[in-house]
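Data first, discussion second: the structure below is written as structure tokens.
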Amino acid sequence: MSAGSAHKDFTLAPRAGAAVSWLETWAITGLAIGLGYWLSPEDPLMVQASFPWPLMAPLLLGMRYGFMRGMVSAVLLILALIAYHRYGDGLYPQMPASFIVGVLVSGMLVGEFRDIWERRLERLDLANDYRQLRLDEFTRAHYILRISHDRLEQRVAGNDQSLRSSLLGLRNQLRDLPRGDDALRALAEPVLGLLAQYGAFRAAALYRVRDGVALPGALSAIGDVAPLDPDDLLMRMCLQRSELVSIREQLIERGEHRQHSRYQLCVPLIDTEGRFLAVLAIEQMPFFSFNDRVFGLLAILAGHIADLILSDPELLHLQDMDSQHFSQNLKRSASDARLHGLDASLFALQVKASANSDRLLRLIEDSRRGLDLQLRLTDQGGDTCVLVLLPLTSAEGAQGYLLRLNTLLGERFGQEQTLDSLQVRVLAHDIGAEYGQEALRHFLYSECGLNDQQVAV
């Protein structure tokens with residue numbers, strides 16, 4: 001392995017070539033025999049000594065190069081013993097069998113264990129190489145994901161358009177339409193663009209629905225879409241059930257969805273009164289967006305859009321139409337809470353007649369945010385009651401609204417003034433937690449003192 005490698009070198013000792021290792025075997029063994037003869041001519045192999053030091057040669061060679069070199073070194077020592085026995089002028093008259101066996105066993109045993117550990121280390125090295133390869137792949141994928149996430153953060157940070165502001169912009173476009181214009185056709189492109197922003201689909205078309213039938217000819221389209229197929233299974237199910245329907249994820253993953261339907265998802269645009277306005281037919285949608293969370297968001301958006309388009313923009317500012325419009329949005333918030341678990345809050349601000357009541361009512365009206373709705377009524381006690389609907393707002397967000405309202409009161413009427421000190425009774429209802437119709441009716445008609453001619457639920 002290279003010195004700069006991230007892998008750990010598990011080799012026992014630096015390797016030598018085959019020729020060098022055999023040369024070392026002969027040289028070290030010969031050196032051991034020669035040193036023995038120089039140090040102890042009467043017992044060159046130190047058979048009679050307390051320890052046979054020439055035995056170190058096969059031990060070292062077996063430990064460094066393995067079984068074969070250790071055995072060859074031991075054999076060379078035994079051959080030297082035989083030579084001394086025959087031609088050594090009385091050296092070793094008796095062949096020491098235990099020395100011969102001990103030298104052979106020591107050289108071979110050490111070499112065998114060395115080979116076993118080398119094979120184990122080679123396997124560890126291979127496993128380490130594989131893990132390092134996988135780690136490199138994971139590291140590259142991690143950095144790619146990190147770069148992609150940073151770019152996504154930059155794009156989201158640069159886009160200040162929220163769901164609330166998108167619906168508000170659509171409402172303003174609806175109000176600006178000339179009298180007698182077809183609202184659905186005029187707003188088809190921004191409606192489809194808004195839905196595509198949250199659904200991330202690549203090919204889809206918006207079709208008008210009349211008498212339960214989707215009319216051919218797309219009002220607006222994104223990507224390369226085919227003409228409408230009224231007999232398509234998914235389209236028929238959507239029109240019959242009046243609800244969002246989709247093909248199964250498993251079919252899309254296996255590429256078999258085209259056998260059942262041309263479309264992957266059909267989203268109906270239905271208002272709170274159950275009027276079927278249009279249907280969005282999606283042919284191509286990224287798999288990562290194909291989940292219940294995106295489906296729920298599309299269904300919620302489609303319902304709000306249907307409510308906006310089916311409202312008459314010329315009558316929104318009339319007193320009776322204000323009540324209808326407020327009731328329609330109140331029903332939509334209750335429906336979203338029941339079907340999709342979305343938060344919404346409702347306040348009733350009962351203002352008693354006083355010298356500051358007009359200024360106070362104007363301040364409450366000025367405190368309205370983009371999607372908030374207000375309806376000014378008179379309750380059974382003769383006091384002015386302002387209903388404030390906060391769509392897509394949790395109970396915590398509703399408390400923030402009250403805090404902001406009290407801050408405005410302090411700026412207009414003095415720092416010590418609050419809603420309580422100005423005799424404003426605040427009644428609150430969490431639609432997200434209590435979305436039942438009976439709970440809402442009890443709040444409006446019993447607690448707030450209103451009737452079904454003023455607001456309907």
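We name chains A, B, ... following the order of the structure tokens; residues begin at 1 in each chain, and ligands are numbered from 1 as shown.
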| field | All residues 7 Å or closer to range 299-308 of chain A, only C-alpha atoms, same chain fewer than 6 positions away omitted, as a count of residues only | value | 10
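Excluding Leu184 in chain A itself and any same-chain residue fewer than 3 positions from it, the protein and nucleic acid residues within 8 Å of it, counting only C-alpha atoms, are Leu187, Ala188 and Ile309 of chain A.
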File of the preceding selection, C-alpha atoms, as an mmCIF file, in the first residue's frame:
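This is the output file part.cif:
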data_model
loop_
_atom_site.group_PDB
_atom_site.id
_atom_site.type_symbol
_atom_site.label_atom_id
_atom_site.label_comp_id
_atom_site.auth_asym_id
_atom_site.auth_seq_id
_atom_site.Cartn_x
_atom_site.Cartn_y
_atom_site.Cartn_z
ATOM 1 C CA LEU A 187 -57.462 32.128 -13.690
ATOM 2 C CA ALA A 188 -56.726 28.655 -15.077
ATOM 3 C CA ILE A 309 -63.587 31.095 -7.942
#
| field | Nearby residues (only C-alpha atoms) at most 8 Å from Ala353 in chain A, same-chain spacing under 4 positions excluded, as a PyMOL selection string | value | chain A and resi 357+383-384
Expected file: the selected residues, C-alpha atoms, as a PDB file, in the first residue's frame:
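out_7.pdb written:
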ATOM      1  CA  SER A 357     -65.897  52.054  20.390  1.00  0.00           C
ATOM      2  CA  ASP A 383     -73.363  45.022  21.375  1.00  0.00           C
ATOM      3  CA  THR A 384     -71.156  44.977  18.304  1.00  0.00           C
TER       4      THR A 384
END
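Closest approach to Ala49 in chain A among A:Pro190, A:Asp343, A:Phe99, A:Arg359: A:Phe99, based on only C-alpha atoms.
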Expected answer as a CSV table (one decimal) with N, CA and C atoms, in the first residue's frame: alpha helix (DSSP H) residues in range 334-432 of chain A:
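And here's states15.csv as it stands now:
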chain,number,residue,atom,x,y,z
A,334,ALA,N,-63.5,24.4,8.9
A,334,ALA,CA,-64.0,23.3,9.7
A,334,ALA,C,-63.8,22.0,8.9
A,335,SER,N,-64.0,22.0,7.6
A,335,SER,CA,-63.8,20.8,6.7
A,335,SER,C,-62.4,20.5,6.7
A,336,ASP,N,-61.5,21.5,6.5
A,336,ASP,CA,-60.0,21.2,6.5
A,336,ASP,C,-59.6,20.6,7.8
A,337,ALA,N,-60.1,21.1,8.9
A,337,ALA,CA,-59.7,20.5,10.2
A,337,ALA,C,-60.2,19.1,10.4
A,338,ARG,N,-61.4,18.8,9.9
A,338,ARG,CA,-61.9,17.4,10.0
A,338,ARG,C,-61.2,16.5,9.1
A,339,LEU,N,-61.0,16.8,7.8
A,339,LEU,CA,-60.5,15.9,6.8
A,339,LEU,C,-59.0,15.9,6.8
A,340,HIS,N,-58.3,17.0,7.1
A,340,HIS,CA,-56.8,17.1,6.9
A,340,HIS,C,-56.1,17.5,8.1
A,357,SER,N,-65.5,53.3,21.1
A,357,SER,CA,-65.9,52.1,20.4
A,357,SER,C,-65.6,52.1,18.9
A,358,ASP,N,-65.9,53.3,18.3
A,358,ASP,CA,-65.6,53.4,16.8
A,358,ASP,C,-64.1,53.3,16.5
A,359,ARG,N,-63.3,54.0,17.3
A,359,ARG,CA,-61.9,53.9,17.1
A,359,ARG,C,-61.4,52.5,17.3
A,360,LEU,N,-62.0,51.8,18.3
A,360,LEU,CA,-61.6,50.5,18.7
A,360,LEU,C,-62.0,49.5,17.5
A,361,LEU,N,-63.1,49.7,16.9
A,361,LEU,CA,-63.5,48.8,15.8
A,361,LEU,C,-62.7,49.0,14.6
A,362,ARG,N,-62.3,50.3,14.4
A,362,ARG,CA,-61.4,50.6,13.2
A,362,ARG,C,-60.0,49.9,13.5
A,363,LEU,N,-59.5,50.0,14.7
A,363,LEU,CA,-58.3,49.3,15.0
A,363,LEU,C,-58.3,47.8,14.8
A,364,ILE,N,-59.4,47.2,15.2
A,364,ILE,CA,-59.6,45.7,15.0
A,364,ILE,C,-59.6,45.4,13.6
A,365,GLU,N,-60.3,46.2,12.8
A,365,GLU,CA,-60.3,46.0,11.3
A,365,GLU,C,-58.9,46.2,10.7
A,366,ASP,N,-58.1,47.2,11.2
A,366,ASP,CA,-56.8,47.4,10.7
A,366,ASP,C,-55.8,46.3,11.1
A,395,ALA,N,-53.7,27.4,17.9
A,395,ALA,CA,-54.1,28.1,19.2
A,395,ALA,C,-52.9,29.0,19.6
A,396,GLU,N,-51.7,28.6,19.4
A,396,GLU,CA,-50.5,29.4,19.8
A,396,GLU,C,-50.5,30.6,18.9
A,397,GLY,N,-50.7,30.4,17.6
A,397,GLY,CA,-50.7,31.6,16.7
A,397,GLY,C,-51.8,32.5,17.0
A,398,ALA,N,-53.0,32.0,17.4
A,398,ALA,CA,-54.1,32.9,17.8
A,398,ALA,C,-53.7,33.7,19.0
A,399,GLN,N,-53.0,33.2,20.0
A,399,GLN,CA,-52.6,34.0,21.1
A,399,GLN,C,-51.6,35.1,20.6
A,400,GLY,N,-50.8,34.8,19.6
A,400,GLY,CA,-50.0,35.9,19.1
A,400,GLY,C,-50.8,37.0,18.4
A,401,TYR,N,-51.9,36.6,17.8
A,401,TYR,CA,-52.8,37.7,17.3
A,401,TYR,C,-53.3,38.6,18.4
A,402,LEU,N,-53.8,38.0,19.5
A,402,LEU,CA,-54.3,38.8,20.6
A,402,LEU,C,-53.2,39.6,21.2
A,403,LEU,N,-52.0,39.1,21.3
A,403,LEU,CA,-50.8,39.9,21.8
A,403,LEU,C,-50.6,41.1,20.9
A,404,ARG,N,-50.6,40.9,19.6
A,404,ARG,CA,-50.4,42.0,18.6
A,404,ARG,C,-51.5,43.0,18.7
A,405,LEU,N,-52.8,42.5,18.9
A,405,LEU,CA,-53.9,43.5,19.1
A,405,LEU,C,-53.7,44.3,20.3
A,406,ASN,N,-53.3,43.7,21.4
A,406,ASN,CA,-53.1,44.5,22.6
A,406,ASN,C,-52.0,45.5,22.5
A,407,THR,N,-51.0,45.1,21.7
A,407,THR,CA,-49.9,46.1,21.4
A,407,THR,C,-50.4,47.3,20.7
A,408,LEU,N,-51.2,47.0,19.7
A,408,LEU,CA,-51.8,48.1,18.9
A,408,LEU,C,-52.7,49.0,19.8
A,409,LEU,N,-53.4,48.4,20.7
A,409,LEU,CA,-54.2,49.1,21.6
A,409,LEU,C,-53.4,50.0,22.5
A,410,GLY,N,-52.2,49.5,23.0
A,410,GLY,CA,-51.3,50.3,23.8
A,410,GLY,C,-50.8,51.5,23.0
A,411,GLU,N,-50.5,51.3,21.7
A,411,GLU,CA,-50.0,52.4,20.9
A,411,GLU,C,-51.1,53.5,20.7
A,412,ARG,N,-52.3,53.1,20.5
A,412,ARG,CA,-53.4,54.0,20.2
A,412,ARG,C,-54.0,54.7,21.4
A,413,PHE,N,-54.2,53.9,22.5
A,413,PHE,CA,-55.0,54.4,23.6
A,413,PHE,C,-54.1,54.6,24.9
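All residues of protein, DNA or RNA that reach within 7 Å of Arg202 in chain A, judged by only C-alpha atoms and not counting those fewer than 4 positions away in the chain, are A:Ile222, A:Gly223, A:Gln284, A:Met285.
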| query | What lies within 12 Å of Asp182 in chain A using only C-alpha atoms, ignoring chain neighbours under 5 positions off, as an MDAnalysis selection string? | reply | chainID A and resid 174 177 187:188 208 219 309:310 312:313
Please provide as a short mmCIF file (atom, residue, chain, number, x, y, z; two decimals) with C-alpha atoms, in the first residue's frame all residues within 12 Å of Val20 in chain A, with the sequence filter that same-chain residues fewer than 6 positions apart are discarded (counting only C-alpha atoms).
data_model
loop_
_atom_site.label_atom_id
_atom_site.label_comp_id
_atom_site.auth_asym_id
_atom_site.auth_seq_id
_atom_site.Cartn_x
_atom_site.Cartn_y
_atom_site.Cartn_z
CA TRP A 26 20.39 -19.92 3.05
CA ALA A 27 22.45 -17.03 4.42
CA ILE A 28 20.84 -16.86 7.87
CA TYR A 65 8.48 -15.93 5.46
CA ARG A 69 11.34 -21.22 4.51
#
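If you look at CA of Pro230 in chain A and CA of Phe201 in chain A, they are 20.9 Å away from each other.
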